[in-house]
Amino acid sequence: MRTFEEPSGIHGVMASFSDVDSLVSAVGSAREAGYEKLDAYSPFPVDGLSDVMDLKPSKMPIIVLTGALMGLASGVGMQYWMEVIDYPKNIGGRPLWSWPAFVPAVFELTILLGSFAAVIGMLLLNGLPMPYHPVFNVPQFRKASRDGFFLCIEADDPNFDLATTRSFLEKLNPIGVYDVER
Amino acid sequence: MTSVTDNSRPLINKIQGLASVVMVLGVLAIGAGFSMEPETIYQSYLIGWLFWNGIAVGFLGLLMLHHVVGGDWGFVNRRFLEAGAMTAIVTGVLCIPILLGLPHLYEWANPAKVASEHVLHEKAPYLNTGFFYGRVAFYFLFWAGSAVLLNVWSADVDKTGSHSFRVKARLLSAPGLLVYVLVYTFYSIDFAMSLETHWMSSIFALLMMVGGALSTLSILVILMWRFQSTEPLSKVLVRARFHDVGNLMLAFTMLWAYMAFSQYLIGWAGNLPEEAGFYSKRLSHGFMNVAVALVVLHFVLPFFLLLLRPIKKAPAMIAMVGILFIVMRHVDLWWFVKPAFDGQPGSHFAWTDVAVTVGMGGIWLFAFCLFLKSKLILPVYESHHDRPPVKHEVYLHG
């Protein structure tokens, strides 16, 4: 017979809600109670949810800008090297550095490397690919992709205590509260 | 029927009072200009008229677009869009001095020029005074007619809550947008491009449309900024709506830069007298500085400002960007019109170039306030998808 010891293998405590509004207000209450390491799950993007979660500003803009500027620099550098240094040619008597003609390629490279940075940066910041995540250990969590709204307070939050966090979540009028095993 | 507090009226009256002062000064300035140097004043007048007509017609385009695609940004601003579209009646009247003074502006309207220049003679079947008048009559019939219909129906639905409004508005707006783009194309060719009879560009009309839309959105965002503290708009003009309009401004400034550069690149690469000559006039002497200012202040600076979300969400900040766009739109039109008269009288900067536009702005704003006062400041009914219209929540609690 298996016996359960101290719940050392706990990812967090999860509460399930029936609708968007209770999820948003629950997240707000959890933030007010001082919980920081939490995540909310819903089947569709919820307007205003990230505001109540009080997320830190994303690093994405600076990553995309860096990628875009690299594209811009490579577009300018590549064409300058080709048209002025490596293989200069006389086209209709124009100067070698005829910048208007180079703008389209510079523009495209700026967009290209900016998009690469956006996709790769998004994957890295999201921690993807992620073949395993503890929240799926809760059978009810399946509903998160259909009609379920979930709030999970994670165990590495400084204020986390299995019993008190559990009773805190139970006060928020959830459908159910579940321990999430690691 | 509705007991909702509406204190936008005093603000509209205040703006209208200010507009009437500017209007009187503007009429005096236009009169003084006509008595002093007719060539200069015609050029100033055309710049000012193109500027304000672009805004009037721009409001109609946004209104039609809103009826077709929906969206909260259009619903909360619908009264602004409707009143703005109605001002096409006013710009139609303001067009009369241009129609009476065609030979002062357009060489194709000058019989001596047409007789001596082969190109003008060949283009005469299209570019002649009679046909021009007919086309202009059609443009304003379409613009003012659509604006009146959309306004009358919209005033009607406030009383009845009838489901048919949305259907009618869409049935007019969807094919209307198609006609709108065609009319805008010919309007741009007639009033702006035909100043340069030897020049050709197939993207120019779209460039005019995008530039006009940008100044329209700028006026809109300034109105939103002024009205966001008055009931009941304070409940709906939330930061997200400023963000929406800011995003549209960002899209349109990118489009403007894309098209303006495409037009330049093709002219530059082709290097033919008709196309390159257009730019060589506009990139020499003092006009070069204006061109650089356009690139920096009509695109680069506002582009980076509009990339920043905090700016788009701060009403006062985005209104400042709007003011920048409005000034630069005027500079853009000035830079297009003035060099067309290179070497002729009045082709340099004159005080009337600014005074007439500002004065005409007084007339436009006065009429705008008049139209704005004819209805409740926020539509009573909203309809989502194809469900029957429901009262907006502002009107439910009263």
# chains A, B, ... in the order shown; residues from 1 in each chain; ligands from 1
call {"tool": "interface_residues", "arguments": {"of": "chain A", "to": "chain B", "cutoff": "10 Å", "atoms": "only C-alpha atoms", "output": "PyMOL selection string"}}
result
chain A and resi 61+92+94+98+100-104
call {"tool": "select_by_dssp", "arguments": {"residues": "chain A", "states": "strand (DSSP E)", "output": "VMD selection string"}}
result
chain A and resid 10 to 17 38 to 41 149 to 154 176 to 181
call {"tool": "write_last_selection", "arguments": {"atoms": "C-alpha atoms", "output": "tab-separated table (two decimals), in the first residue's frame"}}
result
chain	number	residue	atom	x	y	z
A	10	ILE	CA	3.62	20.01	-4.87
A	11	HIS	CA	3.61	22.45	-7.80
A	12	GLY	CA	0.86	24.59	-6.31
A	13	VAL	CA	-2.82	24.82	-5.55
A	14	MET	CA	-5.35	25.34	-8.28
A	15	ALA	CA	-8.89	26.68	-8.16
A	16	SER	CA	-11.43	26.29	-10.92
A	17	PHE	CA	-14.06	28.89	-11.77
A	38	LEU	CA	0.50	32.66	-9.88
A	39	ASP	CA	-0.89	31.94	-13.29
A	40	ALA	CA	-4.36	32.09	-14.78
A	41	TYR	CA	-5.66	29.76	-17.49
A	149	PHE	CA	-11.19	29.04	-15.91
A	150	PHE	CA	-8.30	28.25	-13.57
A	151	LEU	CA	-6.08	30.07	-11.13
A	152	CYS	CA	-2.96	28.34	-9.87
A	153	ILE	CA	-0.90	29.70	-7.00
A	154	GLU	CA	2.51	28.14	-7.22
A	176	GLY	CA	-13.25	23.18	-6.87
A	177	VAL	CA	-9.76	23.46	-5.39
A	178	TYR	CA	-7.08	20.96	-6.31
A	179	ASP	CA	-3.52	20.26	-5.23
A	180	VAL	CA	-1.22	20.17	-8.22
A	181	GLU	CA	1.44	17.49	-7.95
call {"tool": "atom_distance", "arguments": {"atom1": "CA of Tyr106 in chain B", "atom2": "CA of Phe191 in chain B"}}
result
8.9 Å
call {"tool": "select_by_dssp", "arguments": {"residues": "range 55-175 of chain A", "states": "helix (DSSP H, G or I)", "output": "VMD selection string"}}
result
chain A and resid 60 to 86 99 to 126 134 to 137 139 to 145 162 to 170
call {"tool": "residues_around", "arguments": {"residues": "Gly71 in chain A", "least_positions_apart": "5", "cutoff": "10 Å", "atoms": "only C-alpha atoms", "output": "VMD selection string"}}
result
chain A and resid 65 to 66 76 to 77 105 to 114
call {"tool": "write_last_selection", "arguments": {"atoms": "C-alpha atoms", "output": "CSV table (one decimal), in the first residue's frame"}}
result
chain,number,residue,atom,x,y,z
A,65,LEU,CA,13.8,46.0,-31.9
A,66,THR,CA,17.2,44.4,-31.6
A,76,VAL,CA,22.8,48.5,-45.4
A,77,GLY,CA,26.1,46.7,-44.9
A,105,ALA,CA,15.9,45.3,-49.5
A,106,VAL,CA,16.9,47.1,-46.2
A,107,PHE,CA,13.2,47.3,-45.4
A,108,GLU,CA,12.6,43.6,-46.1
A,109,LEU,CA,15.6,42.5,-44.1
A,110,THR,CA,14.5,44.7,-41.2
A,111,ILE,CA,11.1,43.0,-41.2
A,112,LEU,CA,12.5,39.6,-41.7
A,113,LEU,CA,15.0,39.7,-38.8
A,114,GLY,CA,12.4,41.5,-36.6
call {"tool": "residues_around", "arguments": {"residues": "range 133-147 of chain B", "least_positions_apart": "6", "cutoff": "9 Å", "atoms": "only C-alpha atoms", "output": "ChimeraX atom specification"}}
result
/B:57,60,63,82-89,92,99,172-173,176,179-180,183-184,186-187,190
call {"tool": "closest_residue", "arguments": {"among": "B:Gly54, B:Gly267, B:Gly74, B:Gly359", "to": "Thr91 in chain B", "atoms": "only C-alpha atoms"}}
result
B:Gly54
call {"tool": "atom_distance", "arguments": {"atom1": "CA of Gly17 in chain B", "atom2": "CA of Ser374 in chain B"}}
result
16.7 Å
call {"tool": "residues_around", "arguments": {"residues": "range 237-245 of chain B", "least_positions_apart": "3", "cutoff": "6 Å", "atoms": "only C-alpha atoms", "output": "PDB file with all heavy atoms, in the first residue's frame"}}
result
ATOM      1  N   TRP B  73     -14.218  51.367 -31.282  1.00  0.00           N
ATOM      2  CA  TRP B  73     -13.641  52.694 -31.553  1.00  0.00           C
ATOM      3  C   TRP B  73     -14.588  53.521 -32.414  1.00  0.00           C
ATOM      4  O   TRP B  73     -14.701  54.733 -32.239  1.00  0.00           O
ATOM      5  CB  TRP B  73     -12.275  52.567 -32.240  1.00  0.00           C
ATOM      6  CG  TRP B  73     -12.375  52.032 -33.642  1.00  0.00           C
ATOM      7  CD1 TRP B  73     -12.373  50.725 -34.010  1.00  0.00           C
ATOM      8  CD2 TRP B  73     -12.537  52.793 -34.850  1.00  0.00           C
ATOM      9  NE1 TRP B  73     -12.533  50.619 -35.367  1.00  0.00           N
ATOM     10  CE2 TRP B  73     -12.628  51.871 -35.903  1.00  0.00           C
ATOM     11  CE3 TRP B  73     -12.609  54.157 -35.134  1.00  0.00           C
ATOM     12  CZ2 TRP B  73     -12.789  52.263 -37.235  1.00  0.00           C
ATOM     13  CZ3 TRP B  73     -12.771  54.546 -36.458  1.00  0.00           C
ATOM     14  CH2 TRP B  73     -12.852  53.599 -37.486  1.00  0.00           C
ATOM     15  N   GLN B 228     -13.268  63.640 -23.443  1.00  0.00           N
ATOM     16  CA  GLN B 228     -13.241  62.487 -22.543  1.00  0.00           C
ATOM     17  C   GLN B 228     -13.605  62.861 -21.117  1.00  0.00           C
ATOM     18  O   GLN B 228     -13.874  61.986 -20.305  1.00  0.00           O
ATOM     19  CB  GLN B 228     -11.857  61.821 -22.565  1.00  0.00           C
ATOM     20  CG  GLN B 228     -10.752  62.779 -22.264  1.00  0.00           C
ATOM     21  CD  GLN B 228      -9.639  62.162 -21.455  1.00  0.00           C
ATOM     22  OE1 GLN B 228      -9.720  61.030 -21.048  1.00  0.00           O
ATOM     23  NE2 GLN B 228      -8.599  62.922 -21.217  1.00  0.00           N
ATOM     24  N   LEU B 233     -19.604  60.695 -22.410  1.00  0.00           N
ATOM     25  CA  LEU B 233     -18.479  60.111 -23.146  1.00  0.00           C
ATOM     26  C   LEU B 233     -17.367  59.645 -22.208  1.00  0.00           C
ATOM     27  O   LEU B 233     -16.597  58.751 -22.545  1.00  0.00           O
ATOM     28  CB  LEU B 233     -17.928  61.116 -24.166  1.00  0.00           C
ATOM     29  CG  LEU B 233     -18.807  61.337 -25.397  1.00  0.00           C
ATOM     30  CD1 LEU B 233     -18.128  62.269 -26.374  1.00  0.00           C
ATOM     31  CD2 LEU B 233     -19.096  60.015 -26.096  1.00  0.00           C
ATOM     32  N   SER B 234     -17.286  60.277 -21.014  1.00  0.00           N
ATOM     33  CA  SER B 234     -16.225  59.887 -20.076  1.00  0.00           C
ATOM     34  C   SER B 234     -16.322  58.399 -19.737  1.00  0.00           C
ATOM     35  O   SER B 234     -15.320  57.780 -19.394  1.00  0.00           O
ATOM     36  CB  SER B 234     -16.344  60.717 -18.802  1.00  0.00           C
ATOM     37  OG  SER B 234     -17.644  60.600 -18.272  1.00  0.00           O
ATOM     38  N   LEU B 248      -4.438  52.863 -35.380  1.00  0.00           N
ATOM     39  CA  LEU B 248      -4.813  53.236 -36.748  1.00  0.00           C
ATOM     40  C   LEU B 248      -3.871  54.313 -37.280  1.00  0.00           C
ATOM     41  O   LEU B 248      -3.464  54.284 -38.445  1.00  0.00           O
ATOM     42  CB  LEU B 248      -6.253  53.746 -36.779  1.00  0.00           C
ATOM     43  CG  LEU B 248      -7.345  52.673 -36.744  1.00  0.00           C
ATOM     44  CD1 LEU B 248      -8.713  53.304 -36.557  1.00  0.00           C
ATOM     45  CD2 LEU B 248      -7.330  51.879 -38.044  1.00  0.00           C
ATOM     46  N   LYS B 312       0.273  55.818 -26.741  1.00  0.00           N
ATOM     47  CA  LYS B 312      -1.017  55.603 -27.387  1.00  0.00           C
ATOM     48  C   LYS B 312      -2.140  55.554 -26.365  1.00  0.00           C
ATOM     49  O   LYS B 312      -3.285  55.807 -26.686  1.00  0.00           O
ATOM     50  CB  LYS B 312      -0.985  54.294 -28.190  1.00  0.00           C
ATOM     51  CG  LYS B 312      -0.299  54.451 -29.521  1.00  0.00           C
ATOM     52  CD  LYS B 312      -0.371  53.190 -30.341  1.00  0.00           C
ATOM     53  CE  LYS B 312       0.585  52.144 -29.820  1.00  0.00           C
ATOM     54  NZ  LYS B 312       0.774  51.036 -30.776  1.00  0.00           N
ATOM     55  N   LYS B 313      -1.823  55.186 -25.129  1.00  0.00           N
ATOM     56  CA  LYS B 313      -2.883  55.052 -24.119  1.00  0.00           C
ATOM     57  C   LYS B 313      -3.073  56.336 -23.312  1.00  0.00           C
ATOM     58  O   LYS B 313      -3.999  56.416 -22.503  1.00  0.00           O
ATOM     59  CB  LYS B 313      -2.561  53.889 -23.180  1.00  0.00           C
ATOM     60  CG  LYS B 313      -2.797  52.545 -23.849  1.00  0.00           C
ATOM     61  CD  LYS B 313      -2.751  51.423 -22.850  1.00  0.00           C
ATOM     62  CE  LYS B 313      -3.299  50.148 -23.461  1.00  0.00           C
ATOM     63  NZ  LYS B 313      -3.222  49.012 -22.553  1.00  0.00           N
TER      64      LYS B 313
END
call {"tool": "closest_residue", "arguments": {"among": "B:Ala276, B:Ala192, B:Val331, B:Val356", "to": "Thr40 in chain B", "atoms": "only C-alpha atoms"}}
result
B:Val356
